[in-house]
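Participant: Next comes the structure file run.cif, holding mmCIF, C-alpha atoms and all ligand atoms.
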```cif
data_my_file
loop_
_atom_site.label_atom_id
_atom_site.label_comp_id
_atom_site.auth_asym_id
_atom_site.auth_seq_id
_atom_site.Cartn_x
_atom_site.Cartn_y
_atom_site.Cartn_z
CA MET E 117 58.47 -24.07 30.09
CA ASP E 118 60.51 -27.24 30.26
CA ALA E 119 59.08 -30.49 28.95
CA ARG E 120 57.92 -31.71 32.38
CA ASP E 121 55.99 -28.50 33.08
CA GLU E 122 54.42 -28.75 29.63
CA LEU E 123 53.27 -32.29 30.39
CA GLN E 124 51.73 -31.24 33.69
CA ALA E 125 49.97 -28.23 32.13
CA THR E 126 48.37 -30.50 29.53
CA ILE E 127 47.40 -33.17 32.05
CA ALA E 128 45.78 -30.49 34.23
CA LYS E 129 43.47 -29.54 31.34
CA LEU E 130 42.55 -33.16 30.60
CA VAL E 131 41.60 -34.18 34.14
CA VAL E 132 39.13 -31.37 34.89
CA ALA E 133 36.00 -32.70 36.64
CA GLY E 134 33.23 -33.63 34.25
CA LYS E 135 35.47 -33.87 31.21
CA GLY E 136 36.80 -36.64 29.00
CA ILE E 137 38.40 -36.97 25.58
CA LEU E 138 36.75 -37.27 22.16
CA ALA E 139 38.59 -39.64 19.81
CA ALA E 140 37.97 -38.17 16.34
CA ASP E 141 41.15 -39.59 14.85
CA GLU E 142 39.75 -42.25 12.55
CA SER E 143 42.26 -42.99 9.80
CA LEU E 144 41.18 -42.55 6.18
CA PRO E 145 40.14 -46.20 5.71
CA THR E 146 38.27 -46.21 9.03
CA ILE E 147 36.30 -42.99 8.52
CA THR E 148 35.55 -44.08 4.95
CA LYS E 149 34.13 -47.35 6.32
CA ARG E 150 32.04 -45.54 8.97
CA PHE E 151 30.73 -43.03 6.41
CA GLY E 152 30.14 -45.82 3.87
CA ALA E 153 27.87 -47.70 6.28
CA LEU E 154 25.66 -44.58 6.29
CA ARG E 155 26.02 -43.94 2.53
CA ILE E 156 28.03 -40.77 3.15
CA ASP E 157 30.76 -40.00 0.58
CA SER E 158 34.21 -39.77 2.15
CA THR E 159 36.02 -36.77 0.62
CA ASP E 160 38.41 -34.18 2.08
CA ASP E 161 35.49 -31.86 2.29
CA SER E 162 32.93 -34.22 3.81
CA ARG E 163 35.46 -35.22 6.48
CA ARG E 164 36.21 -31.55 7.15
CA ALA E 165 32.48 -30.74 7.36
CA TYR E 166 31.86 -33.60 9.79
CA ARG E 167 34.74 -32.77 12.08
CA SER E 168 33.86 -29.06 11.96
CA LEU E 169 30.37 -30.04 13.14
CA LEU E 170 31.79 -31.90 16.14
CA PHE E 171 34.33 -29.24 17.11
CA THR E 172 31.91 -26.32 16.93
CA THR E 173 29.14 -28.00 18.94
CA PRO E 174 27.92 -25.34 21.38
CA GLY E 175 28.51 -26.38 24.99
CA ALA E 176 30.81 -29.34 24.21
CA GLU E 177 33.69 -27.70 26.08
CA GLU E 178 31.84 -28.48 29.32
CA PHE E 179 32.31 -32.23 28.75
CA ILE E 180 35.29 -32.52 26.41
CA GLY E 181 38.78 -31.58 27.60
CA GLY E 182 40.73 -32.89 24.61
CA VAL E 183 40.16 -34.16 21.08
CA ILE E 184 42.38 -36.65 19.25
CA LEU E 185 42.77 -35.63 15.61
CA PHE E 186 43.92 -37.50 12.55
CA GLU E 187 46.84 -35.86 10.72
CA GLU E 188 44.61 -34.71 7.85
CA THR E 189 42.38 -32.78 10.28
CA LEU E 190 45.33 -30.90 11.75
CA GLY E 191 45.78 -29.32 8.30
CA GLN E 192 42.09 -28.42 7.83
CA SER E 193 40.15 -25.24 8.64
CA LEU E 194 36.58 -24.03 9.07
CA ASP E 195 34.95 -22.30 6.09
CA ASP E 196 36.07 -18.97 7.60
CA GLY E 197 39.72 -20.11 7.52
CA THR E 198 40.18 -20.86 11.24
CA PRO E 199 42.36 -23.98 11.62
CA LEU E 200 40.36 -26.75 13.29
CA ALA E 201 43.03 -27.14 16.00
CA ASP E 202 42.60 -23.43 16.86
CA VAL E 203 38.81 -23.85 16.99
CA LEU E 204 39.40 -26.34 19.79
CA SER E 205 42.11 -24.52 21.73
CA ARG E 206 40.15 -21.26 21.71
CA ARG E 207 37.39 -23.14 23.52
CA GLY E 208 39.82 -24.52 26.10
CA ILE E 209 39.86 -27.98 24.47
CA VAL E 210 43.33 -29.44 23.99
CA PRO E 211 44.08 -30.77 20.49
CA GLY E 212 45.91 -34.10 20.28
CA ILE E 213 47.14 -36.21 17.38
CA LYS E 214 47.18 -39.89 16.43
CA VAL E 215 50.81 -40.64 15.57
CA ASP E 216 50.92 -44.39 15.00
CA LYS E 217 50.83 -45.69 11.45
CA GLY E 218 48.64 -48.72 11.99
CA THR E 219 49.49 -52.37 12.50
CA VAL E 220 51.19 -55.21 10.60
CA PRO E 221 51.50 -58.92 11.48
CA LEU E 222 54.29 -59.56 13.99
CA PRO E 223 56.85 -62.02 12.58
CA GLY E 224 57.36 -65.03 14.84
CA ALA E 225 54.01 -64.56 16.56
CA PRO E 226 51.24 -65.89 14.26
CA GLY E 227 47.98 -64.04 14.92
CA ASP E 228 49.60 -61.11 16.73
CA PHE E 229 50.16 -57.60 15.34
CA ILE E 230 52.65 -54.82 15.98
CA THR E 231 52.14 -51.08 15.52
CA GLN E 232 54.38 -49.04 13.20
CA GLY E 233 55.47 -45.40 13.20
CA LEU E 234 58.49 -44.92 15.47
CA ASP E 235 60.95 -43.88 12.75
CA GLY E 236 61.10 -40.08 12.51
CA LEU E 237 58.53 -39.71 15.30
CA ALA E 238 60.41 -36.96 17.17
CA GLU E 239 60.54 -34.80 14.01
CA ARG E 240 56.86 -35.38 13.29
CA LEU E 241 55.96 -34.43 16.85
CA LYS E 242 57.74 -31.09 16.46
CA THR E 243 55.63 -30.29 13.40
CA TYR E 244 52.41 -31.37 15.12
CA LYS E 245 53.29 -29.27 18.15
CA GLN E 246 53.75 -26.18 15.97
CA LYS E 247 50.24 -26.80 14.67
CA GLY E 248 48.84 -26.90 18.21
CA ALA E 249 48.92 -30.56 19.30
CA ARG E 250 49.78 -31.04 22.97
CA PHE E 251 49.19 -34.76 23.34
CA ALA E 252 49.55 -37.81 21.12
CA LYS E 253 47.98 -41.23 20.77
CA TRP E 254 49.46 -44.59 19.84
CA ARG E 255 47.31 -47.72 19.71
CA GLU E 256 48.47 -51.32 20.10
CA ILE E 257 46.03 -54.16 19.47
CA TYR E 258 45.81 -57.58 21.09
CA GLY E 259 43.37 -60.05 19.56
CA ILE E 260 42.21 -62.90 21.78
CA THR E 261 42.27 -66.54 20.63
CA ASP E 262 43.29 -69.69 22.50
CA ARG E 263 46.90 -68.84 21.56
CA ASN E 264 46.89 -65.06 21.21
CA PRO E 265 48.27 -62.79 22.30
CA THR E 266 51.53 -64.75 22.52
CA PRO E 267 54.19 -63.89 25.10
CA LEU E 268 56.26 -62.41 22.24
CA GLY E 269 53.32 -60.30 21.07
CA ILE E 270 52.78 -58.94 24.57
CA HIS E 271 56.47 -58.17 25.06
CA ALA E 272 57.12 -56.62 21.62
CA ASN E 273 54.06 -54.37 21.78
CA ALA E 274 54.94 -53.16 25.28
CA GLU E 275 58.44 -52.21 24.10
CA VAL E 276 57.13 -50.18 21.17
CA LEU E 277 54.45 -48.46 23.24
CA ALA E 278 57.02 -47.45 25.89
CA ARG E 279 59.47 -46.13 23.28
CA TYR E 280 56.73 -44.02 21.77
CA ALA E 281 55.78 -42.67 25.21
CA ALA E 282 59.40 -41.78 26.03
CA ILE E 283 59.84 -39.92 22.71
CA CYS E 284 56.63 -37.94 23.28
CA GLN E 285 57.60 -36.88 26.78
CA GLU E 286 61.01 -35.68 25.61
CA CYS E 287 59.13 -33.38 23.20
CA GLY E 288 56.78 -32.07 25.92
CA ILE E 289 53.86 -34.02 24.42
CA VAL E 290 51.63 -36.12 26.71
CA PRO E 291 51.45 -39.68 25.37
CA ILE E 292 48.13 -41.48 25.42
CA VAL E 293 49.21 -45.07 25.97
CA GLU E 294 46.58 -47.26 24.31
CA PRO E 295 46.86 -51.04 24.64
CA GLU E 296 43.55 -52.29 23.19
CA VAL E 297 42.53 -55.85 23.96
CA LEU E 298 40.06 -56.44 21.14
CA ILE E 299 36.40 -57.36 21.68
CA ASP E 300 36.27 -59.65 18.60
CA GLY E 301 35.61 -63.32 19.28
CA ASP E 302 33.56 -65.53 21.58
CA HIS E 303 35.94 -65.63 24.55
CA THR E 304 34.71 -65.31 28.13
CA LEU E 305 35.13 -62.26 30.36
CA GLU E 306 37.56 -64.31 32.46
CA ARG E 307 39.80 -64.91 29.44
CA CYS E 308 39.72 -61.18 28.61
CA GLN E 309 40.64 -60.40 32.21
CA GLU E 310 43.62 -62.75 32.09
CA VAL E 311 44.89 -61.17 28.85
CA ALA E 312 44.28 -57.59 30.02
CA GLU E 313 46.24 -58.20 33.21
CA ALA E 314 49.21 -59.72 31.34
CA VAL E 315 49.20 -56.87 28.78
CA LEU E 316 49.04 -54.04 31.32
CA HIS E 317 51.65 -55.69 33.49
CA ALA E 318 54.05 -55.81 30.51
CA VAL E 319 53.21 -52.25 29.46
CA PHE E 320 53.99 -50.77 32.88
CA ALA E 321 57.20 -52.78 33.20
CA ALA E 322 58.29 -51.38 29.81
CA LEU E 323 57.28 -47.81 30.72
CA ASN E 324 59.49 -48.19 33.77
CA ARG E 325 62.43 -49.50 31.70
CA TYR E 326 62.14 -46.50 29.35
CA ARG E 327 61.99 -44.08 32.30
CA VAL E 328 58.60 -42.71 31.30
CA THR E 329 57.19 -40.27 33.88
CA LEU E 330 53.92 -41.90 34.90
CA GLU E 331 52.49 -38.59 36.14
CA GLY E 332 52.68 -37.37 32.53
CA ILE E 333 50.75 -40.07 30.64
CA VAL E 334 47.13 -40.88 29.92
CA LEU E 335 46.30 -44.60 29.96
CA LYS E 336 43.66 -45.58 27.41
CA PRO E 337 42.74 -49.22 27.99
CA SER E 338 39.83 -51.34 26.90
CA MET E 339 37.33 -52.53 29.50
CA VAL E 340 37.28 -56.17 30.60
CA LEU E 341 34.38 -57.67 28.62
CA PRO E 342 33.30 -60.98 27.16
CA GLY E 343 33.90 -61.29 23.40
CA LYS E 344 31.35 -59.74 21.08
CA GLU E 345 30.10 -63.18 20.01
CA HIS E 346 29.87 -64.49 23.55
CA ALA E 347 26.39 -64.72 25.06
CA PRO E 348 25.22 -63.43 27.42
CA LYS E 349 26.73 -59.96 27.76
CA ALA E 350 28.10 -59.07 31.19
CA ALA E 351 26.20 -56.67 33.47
CA PRO E 352 27.87 -53.28 34.11
CA GLU E 353 28.70 -54.25 37.72
CA VAL E 354 30.48 -57.38 36.51
CA VAL E 355 32.47 -55.45 33.90
CA ALA E 356 33.31 -52.78 36.46
CA ARG E 357 34.49 -55.25 39.09
CA ALA E 358 36.72 -57.18 36.67
CA THR E 359 38.15 -54.04 35.06
CA LEU E 360 38.91 -52.39 38.41
CA GLU E 361 40.58 -55.56 39.65
CA VAL E 362 42.92 -55.60 36.66
CA LEU E 363 43.69 -51.89 36.96
CA ARG E 364 44.41 -52.09 40.70
CA ARG E 365 46.81 -54.97 40.10
CA THR E 366 48.74 -53.32 37.28
CA VAL E 367 48.43 -49.51 37.12
CA PRO E 368 50.45 -47.46 39.64
CA SER E 369 48.57 -44.68 41.41
CA ALA E 370 51.03 -42.15 39.93
CA VAL E 371 49.08 -42.40 36.67
CA PRO E 372 46.71 -39.41 36.80
CA THR E 373 43.94 -40.53 34.49
CA ILE E 374 42.55 -43.60 32.78
CA ASN E 375 40.41 -42.75 29.74
CA PHE E 376 38.75 -45.84 28.31
CA LEU E 377 38.15 -46.56 24.64
CA SER E 378 34.70 -47.84 23.71
CA GLY E 379 35.99 -50.60 21.43
CA GLY E 380 32.76 -51.75 19.80
CA GLN E 381 30.42 -51.48 22.78
CA SER E 382 27.15 -49.71 22.07
CA SER E 383 26.98 -46.08 23.15
CA ILE E 384 24.77 -46.93 26.12
CA GLU E 385 26.91 -49.90 27.21
CA ALA E 386 30.03 -47.73 27.21
CA THR E 387 28.27 -45.14 29.37
CA ALA E 388 26.72 -47.71 31.74
CA ASN E 389 30.01 -49.55 32.24
CA LEU E 390 31.98 -46.36 32.95
CA ASN E 391 29.26 -45.25 35.34
CA ALA E 392 29.39 -48.57 37.21
CA MET E 393 33.15 -48.22 37.70
CA ASN E 394 32.87 -44.73 39.15
CA ALA E 395 29.94 -45.74 41.34
CA MET E 396 31.91 -48.75 42.62
CA ALA E 397 35.22 -46.95 43.13
CA PRO E 398 34.56 -43.27 43.92
CA ASN E 399 37.98 -43.06 45.59
CA ALA E 400 40.01 -44.81 42.90
CA PRO E 401 43.57 -43.44 42.72
CA TRP E 402 43.11 -42.37 39.11
CA VAL E 403 40.44 -40.41 37.28
CA LEU E 404 38.24 -42.91 35.43
CA SER E 405 36.96 -41.18 32.31
CA TYR E 406 36.39 -41.63 28.58
CA SER E 407 38.27 -41.29 25.33
CA TYR E 408 35.52 -42.67 23.15
CA GLY E 409 35.31 -42.65 19.39
CA ARG E 410 32.22 -44.55 18.29
CA ALA E 411 30.38 -44.30 21.62
CA LEU E 412 30.49 -40.49 21.41
CA GLN E 413 29.99 -40.17 17.67
CA ASP E 414 27.64 -42.89 16.43
CA ASP E 415 24.39 -41.03 17.09
CA ALA E 416 25.78 -37.76 15.73
CA MET E 417 27.15 -39.28 12.54
CA ARG E 418 23.90 -41.13 11.84
CA THR E 419 21.87 -37.98 12.47
CA TRP E 420 24.10 -35.85 10.24
CA ALA E 421 24.06 -38.34 7.32
CA GLY E 422 26.21 -35.97 5.26
CA ARG E 423 23.58 -33.18 5.07
CA ALA E 424 24.24 -29.59 6.10
CA ASP E 425 20.64 -29.09 7.25
CA ASN E 426 21.10 -31.89 9.80
CA VAL E 427 24.05 -30.20 11.53
CA PRO E 428 22.12 -28.72 14.50
CA ALA E 429 20.38 -32.05 15.25
CA ALA E 430 23.69 -33.92 14.93
CA GLN E 431 25.33 -31.47 17.33
CA ASP E 432 22.48 -32.08 19.79
CA ALA E 433 23.09 -35.83 19.52
CA PHE E 434 26.82 -35.41 20.12
CA LEU E 435 26.27 -33.08 23.08
CA ARG E 436 23.81 -35.54 24.62
CA ARG E 437 26.31 -38.43 24.55
CA ALA E 438 29.06 -36.17 25.88
CA ARG E 439 26.79 -35.09 28.74
CA MET E 440 25.79 -38.67 29.57
CA ASN E 441 29.40 -39.79 29.70
CA SER E 442 30.32 -36.79 31.79
CA LEU E 443 27.72 -37.94 34.34
CA ALA E 444 29.12 -41.49 34.13
CA ARG E 445 32.59 -40.15 34.84
CA HIS E 446 31.23 -39.31 38.31
CA GLY E 447 28.94 -42.33 38.75
CA LYS E 448 25.90 -40.06 38.46
CA TRP E 449 24.29 -41.45 35.31
CA ASP E 450 21.25 -43.65 35.22
CA ALA E 451 19.48 -45.29 32.33
CA ALA E 452 16.26 -43.30 32.89
CA MET E 453 18.10 -40.06 32.00
CA ASP E 454 19.31 -41.57 28.81
CA ASN E 455 16.43 -41.45 26.44
CA PRO E 456 16.08 -38.67 23.92
CA SER E 457 12.71 -37.51 25.27
CA ALA E 458 14.05 -37.06 28.83
CA ARG E 459 14.49 -33.43 29.82
CA GLN E 460 18.08 -32.29 30.04
P1 LIG Q 1 36.45 -46.35 20.00
O1 LIG Q 1 35.99 -45.69 21.25
O2 LIG Q 1 35.48 -46.26 18.85
O3 LIG Q 1 36.98 -47.74 20.25
O4 LIG Q 1 37.69 -45.51 19.47
C1 LIG Q 1 38.63 -45.09 20.37
C2 LIG Q 1 39.94 -45.08 19.75
O5 LIG Q 1 40.63 -44.09 19.75
C3 LIG Q 1 40.43 -46.32 19.11
O6 LIG Q 1 41.79 -46.21 18.84
#
```
Mind converting the file's structure to structure tokens?
Facilitator:
Amino acid sequence: MDARDELQATIAKLVVAGKGILAADESLPTITKRFGALRIDSTDDSRRAYRSLLFTTPGAEEFIGGVILFEETLGQSLDDGTPLADVLSRRGIVPGIKVDKGTVPLPGAPGDFITQGLDGLAERLKTYKQKGARFAKWREIYGITDRNPTPLGIHANAEVLARYAAICQECGIVPIVEPEVLIDGDHTLERCQEVAEAVLHAVFAALNRYRVTLEGIVLKPSMVLPGKEHAPKAAPEVVARATLEVLRRTVPSAVPTINFLSGGQSSIEATANLNAMNAMAPNAPWVLSYSYGRALQDDAMRTWAGRADNVPAAQDAFLRRARMNSLARHGKWDAAMDNPSARQ
């Protein structure tokens, strides 16, 4: 298969009706923070046990088409020796890999950040591919203040994101292109909308400059929301309308699928907002789905709490959120379905 056919084969598995992506690629500091909040020790083995729990959840393959792994997980196996990436691919779930190396302050643009990890990326991708990865993820962050992101921050991040995407495609790896406009702060929804539009506009101009094949990417944006400290929150219909407006203005219809991050929304908010978008735009040119981390995992991680005897209940919690988001991906969710005592 040449690289283009490989990209299309992977995309075809990710866009299947009813499915989305699970982001289980928390870096060591991030998973340690999430575990720490629940008084769970973060060790090689506890992280392996937790991710094994998620990946072996019976029935999850109905709602999850791909899982983003952290590099450590790609080298880990179940107790019986099966590599965790193989556990996924045997169930028809495509393994992916986070390849960025986090962010540092961007010189010349106070308050903005830039993502690292381009050096040696092509070689790393070859190794990841041998271990089963078929798509990659790279996250850029854009914090909102009165001055940020700066025009330089928007431009520099778009360049890096497009270079990463071009390198992935040359290796036959589908790039998840993730420009995350952060939820932190007390800004209005209108300010978030303005920033999101400028960011996506710059990202797609850069993808074009780097000759990235749009049919072979996954876009992973944040939703247009007021800042976390801004009251009141916006209703799902308001979030949906603003987010769709930005996407229609900036994302060509050649992009097959848009898989949102949850970005600090509650699990229910992330589901309700995705549902509102699909209800409002059933004929959108792209699939509108999920690539959630916290919004798929929070209930499961809390239920597990680091104890083997909680695994079945934690798997139930994970499956429930996956099912709810799968309904939202088609605009068929409603809040009444979403309480643990409702029949499934
Ligand atoms: P959240 O859904 O928790 O924001 O995580 C998604 C992700 O991959 C962030 O990079």
Participant: Leaving out Arg240 (chain E) and any residue of its chain fewer than 2 positions from it, which residues lie within 12 Å of it when counting only C-alpha atoms, given as a PDB file with C-alpha atoms, in the coordinates of the input?
Facilitator:
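New file result-v9.pdb:
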```
ATOM      1  CA  GLU E 187      46.840 -35.860  10.720  1.00  0.00           C
ATOM      2  CA  ILE E 213      47.140 -36.210  17.380  1.00  0.00           C
ATOM      3  CA  LYS E 214      47.180 -39.890  16.430  1.00  0.00           C
ATOM      4  CA  VAL E 215      50.810 -40.640  15.570  1.00  0.00           C
ATOM      5  CA  ASP E 216      50.920 -44.390  15.000  1.00  0.00           C
ATOM      6  CA  GLY E 233      55.470 -45.400  13.200  1.00  0.00           C
ATOM      7  CA  LEU E 234      58.490 -44.920  15.470  1.00  0.00           C
ATOM      8  CA  ASP E 235      60.950 -43.880  12.750  1.00  0.00           C
ATOM      9  CA  GLY E 236      61.100 -40.080  12.510  1.00  0.00           C
ATOM     10  CA  LEU E 237      58.530 -39.710  15.300  1.00  0.00           C
ATOM     11  CA  ALA E 238      60.410 -36.960  17.170  1.00  0.00           C
ATOM     12  CA  LYS E 242      57.740 -31.090  16.460  1.00  0.00           C
ATOM     13  CA  THR E 243      55.630 -30.290  13.400  1.00  0.00           C
ATOM     14  CA  TYR E 244      52.410 -31.370  15.120  1.00  0.00           C
ATOM     15  CA  LYS E 245      53.290 -29.270  18.150  1.00  0.00           C
ATOM     16  CA  GLN E 246      53.750 -26.180  15.970  1.00  0.00           C
ATOM     17  CA  LYS E 247      50.240 -26.800  14.670  1.00  0.00           C
ATOM     18  CA  ALA E 249      48.920 -30.560  19.300  1.00  0.00           C
ATOM     19  CA  ALA E 252      49.550 -37.810  21.120  1.00  0.00           C
ATOM     20  CA  ILE E 283      59.840 -39.920  22.710  1.00  0.00           C
ATOM     21  CA  CYS E 284      56.630 -37.940  23.280  1.00  0.00           C
ATOM     22  CA  CYS E 287      59.130 -33.380  23.200  1.00  0.00           C
ATOM     23  CA  ILE E 289      53.860 -34.020  24.420  1.00  0.00           C
TER      24      ILE E 289
END
```
Participant: Hey, which residues come within 7 Å of ligand LIG 1 (chain Q) if we count only C-alpha atoms and all ligand atoms? Could you give them as a short mmCIF file (atom, residue, chain, number, x, y, z; two decimals) with C-alpha atoms, in the frame of the given file?
Facilitator:
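Output below, filename selection_3.cif:
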```
data_model
loop_
_atom_site.label_atom_id
_atom_site.label_comp_id
_atom_site.auth_asym_id
_atom_site.auth_seq_id
_atom_site.Cartn_x
_atom_site.Cartn_y
_atom_site.Cartn_z
CA ALA E 139 38.59 -39.64 19.81
CA ASP E 141 41.15 -39.59 14.85
CA ARG E 255 47.31 -47.72 19.71
CA LEU E 377 38.15 -46.56 24.64
CA SER E 378 34.70 -47.84 23.71
CA GLY E 379 35.99 -50.60 21.43
CA GLY E 380 32.76 -51.75 19.80
CA SER E 407 38.27 -41.29 25.33
CA TYR E 408 35.52 -42.67 23.15
CA GLY E 409 35.31 -42.65 19.39
CA ARG E 410 32.22 -44.55 18.29
CA ALA E 411 30.38 -44.30 21.62
#
```
Participant: State, in Å with one decimal place, the distance from CA of Pro267 (chain E) to CA of Leu360 (chain E).
Facilitator: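 Interatomic distance, CA of Pro267 (chain E) to CA of Leu360 (chain E): 23.3 Å.
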Participant: Per residue of region 341-395 of chain E within 12 Å of region 329-334 of chain E, note the shortest atom pair and the distance in Å to one decimal, counting all atoms listed in the file, and order the rows by chain and increasing residue number, as CSV.
Facilitator:
```
residue,atom,partner,partner_atom,distance
E:Val367,CA,E:Leu330,CA,9.6
E:Pro368,CA,E:Leu330,CA,8.1
E:Ser369,CA,E:Leu330,CA,8.9
E:Ala370,CA,E:Glu331,CA,5.4
E:Val371,CA,E:Glu331,CA,5.1
E:Pro372,CA,E:Glu331,CA,5.9
E:Thr373,CA,E:Val334,CA,5.6
E:Ile374,CA,E:Val334,CA,6.0
E:Asn375,CA,E:Val334,CA,7.0
E:Phe376,CA,E:Val334,CA,9.9
E:Leu377,CA,E:Val334,CA,11.9
```
Participant: Can you check which parts of region 228-304 of chain E lie within 7 Å of region 313-324 of chain E? Per residue, the shortest pair of atoms and distance in Å to one decimal, counting only C-alpha atoms, sorted by chain and number, as CSV.
Facilitator:
```
residue,atom,partner,partner_atom,distance
E:Ile270,CA,E:Val315,CA,5.9
E:His271,CA,E:Ala318,CA,6.4
E:Ala274,CA,E:Val319,CA,4.6
E:Glu275,CA,E:Ala322,CA,5.8
E:Ala278,CA,E:Leu323,CA,4.9
```
Participant: Just to confirm, what's the straight-line distance from CA of Thr189 (chain E) to CA of Thr387 (chain E) in Å (one decimal)?
Facilitator: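 Taking CA of Thr189 (chain E) as the start and CA of Thr387 (chain E) as the end point, the length is 26.8 Å.
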Participant: Using all atoms listed in the file, find the one residue out of E:Glu256, E:Glu142, E:Glu306, E:Asp432 that sits nearest to Ile184 (chain E).
Facilitator: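 The answer is E:Glu142, which sits nearest to Ile184 (chain E).
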Participant: Which is closest to Ile156 (chain E) among E:Ala356, E:Leu443, E:Ile127, E:Ala421, if we use only C-alpha atoms?
Facilitator: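 Using only C-alpha atoms, Ile156 (chain E) sits closest to E:Ala421.
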Participant: Near Ile292 (chain E), within 8 Å and counting all atoms listed in the file, which residues show up once chain neighbours fewer than 2 positions away are dropped, as a VMD selection string?
Facilitator: chain E and resid 251 to 254 281 290 294 333 to 336
Participant: With distances taken over all atoms listed in the file, which of E:Leu123, E:Arg439, E:Gly152, E:Val354 is nearest to Arg418 (chain E)?
Facilitator: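 Closest candidate: E:Gly152.
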Participant: Rounded to one decimal in Å, what is the spacing between CA of Arg437 (chain E) and CA of Arg167 (chain E)?
Facilitator: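 CA of Arg167 (chain E) lies 16.1 Å from CA of Arg437 (chain E).
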Participant: Choose the residue, out of E:Thr231, E:Ser442, E:Thr148, E:Ser193, that has the smallest atom-to-atom separation from Leu169 (chain E); count only C-alpha atoms.
Facilitator: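 Nearest candidate to Leu169 (chain E) out of E:Thr231, E:Ser442, E:Thr148, E:Ser193: E:Ser193.
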Participant: With 4 Å of padding per side, what axis-aligned box (centre and edge lengths, Å, one decimal) covers all the listed atoms of region 286-300 of chain E? Give it as lines of an AutoDock Vina configuration file.
Facilitator:
```
center_x = 48.6
center_y = -45.9
center_z = 22.7
size_x = 32.7
size_y = 35.6
size_z = 16.1
```
Participant: For the point (30.1, -42.7, 8.2) in file coordinates, what residues are within 12 Å, counting only C-alpha atoms? Give the answer as a ChimeraX atom specification?
Facilitator: /E:142,144-159,162-163,166-167,410,413-423
Participant: Name the residues within 7 Å of (41.5, -53.1, 19.4), counting only C-alpha atoms in the file's coordinates, and put them as a PyMOL selection string.
Facilitator: chain E and resi 257-258+296-298+379
Participant: Selected residues, C-alpha atoms, written as a PDB file, in the frame of the given file, please.
Facilitator:
```
ATOM      1  CA  ILE E 257      46.030 -54.160  19.470  1.00  0.00           C
ATOM      2  CA  TYR E 258      45.810 -57.580  21.090  1.00  0.00           C
ATOM      3  CA  GLU E 296      43.550 -52.290  23.190  1.00  0.00           C
ATOM      4  CA  VAL E 297      42.530 -55.850  23.960  1.00  0.00           C
ATOM      5  CA  LEU E 298      40.060 -56.440  21.140  1.00  0.00           C
ATOM      6  CA  GLY E 379      35.990 -50.600  21.430  1.00  0.00           C
TER       7      GLY E 379
END
```
Participant: Compile the contact shell of Asp300 (chain E) as a PDB file with C-alpha atoms, keeping the file's coordinate frame: residues with an atom at most 8 Å away, counting only C-alpha atoms, same-chain residues fewer than 5 positions apart removed.
Facilitator:
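Output saved as selection_37.pdb:
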```
ATOM      1  CA  GLY E 259      43.370 -60.050  19.560  1.00  0.00           C
ATOM      2  CA  ILE E 260      42.210 -62.900  21.780  1.00  0.00           C
ATOM      3  CA  GLY E 343      33.900 -61.290  23.400  1.00  0.00           C
ATOM      4  CA  LYS E 344      31.350 -59.740  21.080  1.00  0.00           C
ATOM      5  CA  GLU E 345      30.100 -63.180  20.010  1.00  0.00           C
TER       6      GLU E 345
END
```
Participant: Let me make sure I understand: among E:Leu412, E:Ala165, E:Ala119, E:Met440, which one has the smallest atom-to-atom distance to Ala388 (chain E) if we use all atoms listed in the file?
Facilitator: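 Selected residue with least distance to Ala388 (chain E): E:Met440.
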Participant: Neighbours of Ala438 (chain E) within 8 Å (only C-alpha atoms; same-chain residues fewer than 6 positions away dropped), as a CSV table (one decimal) with C-alpha atoms, in the frame of the given file?
Facilitator:
```
chain,number,residue,atom,x,y,z
E,176,ALA,CA,30.8,-29.3,24.2
E,179,PHE,CA,32.3,-32.2,28.8
E,180,ILE,CA,35.3,-32.5,26.4
E,412,LEU,CA,30.5,-40.5,21.4
```
Participant: Between E:Pro337, E:Pro223, E:Gly181, E:Gly288, single out the one closest to Gly134 (chain E), counting all atoms listed in the file.
Facilitator: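 Residue with the minimum atom-to-atom distance to Gly134 (chain E): E:Gly181.
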Participant: Would you save region 180-199 of chain E to a file, keeping C-alpha atoms, as a compact mmCIF listing (two decimals), in the first residue's frame?
Facilitator:
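Below you can see result.txt, which holds the result:
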```txt
# COMPACT_ATOMS: atom_id res chain seq x y z
CA ILE E 180 -14.53 3.60 19.96
CA GLY E 181 -12.78 3.48 16.57
CA GLY E 182 -9.34 4.61 17.72
CA VAL E 183 -7.36 5.16 20.91
CA ILE E 184 -4.53 7.68 21.34
CA LEU E 185 -1.74 6.15 23.43
CA PHE E 186 1.17 7.68 25.29
CA GLU E 187 4.57 6.29 24.26
CA GLU E 188 4.93 4.32 27.51
CA THR E 189 1.67 2.46 26.81
CA LEU E 190 2.84 1.38 23.36
CA GLY E 191 5.55 -0.64 25.14
CA GLN E 192 3.20 -2.23 27.71
CA SER E 193 1.28 -5.53 27.66
CA LEU E 194 -1.60 -7.25 29.42
CA ASP E 195 -0.73 -9.69 32.21
CA ASP E 196 -0.89 -12.48 29.61
CA GLY E 197 1.81 -10.77 27.53
CA THR E 198 -0.41 -9.35 24.74
CA PRO E 199 0.87 -5.89 23.78
```
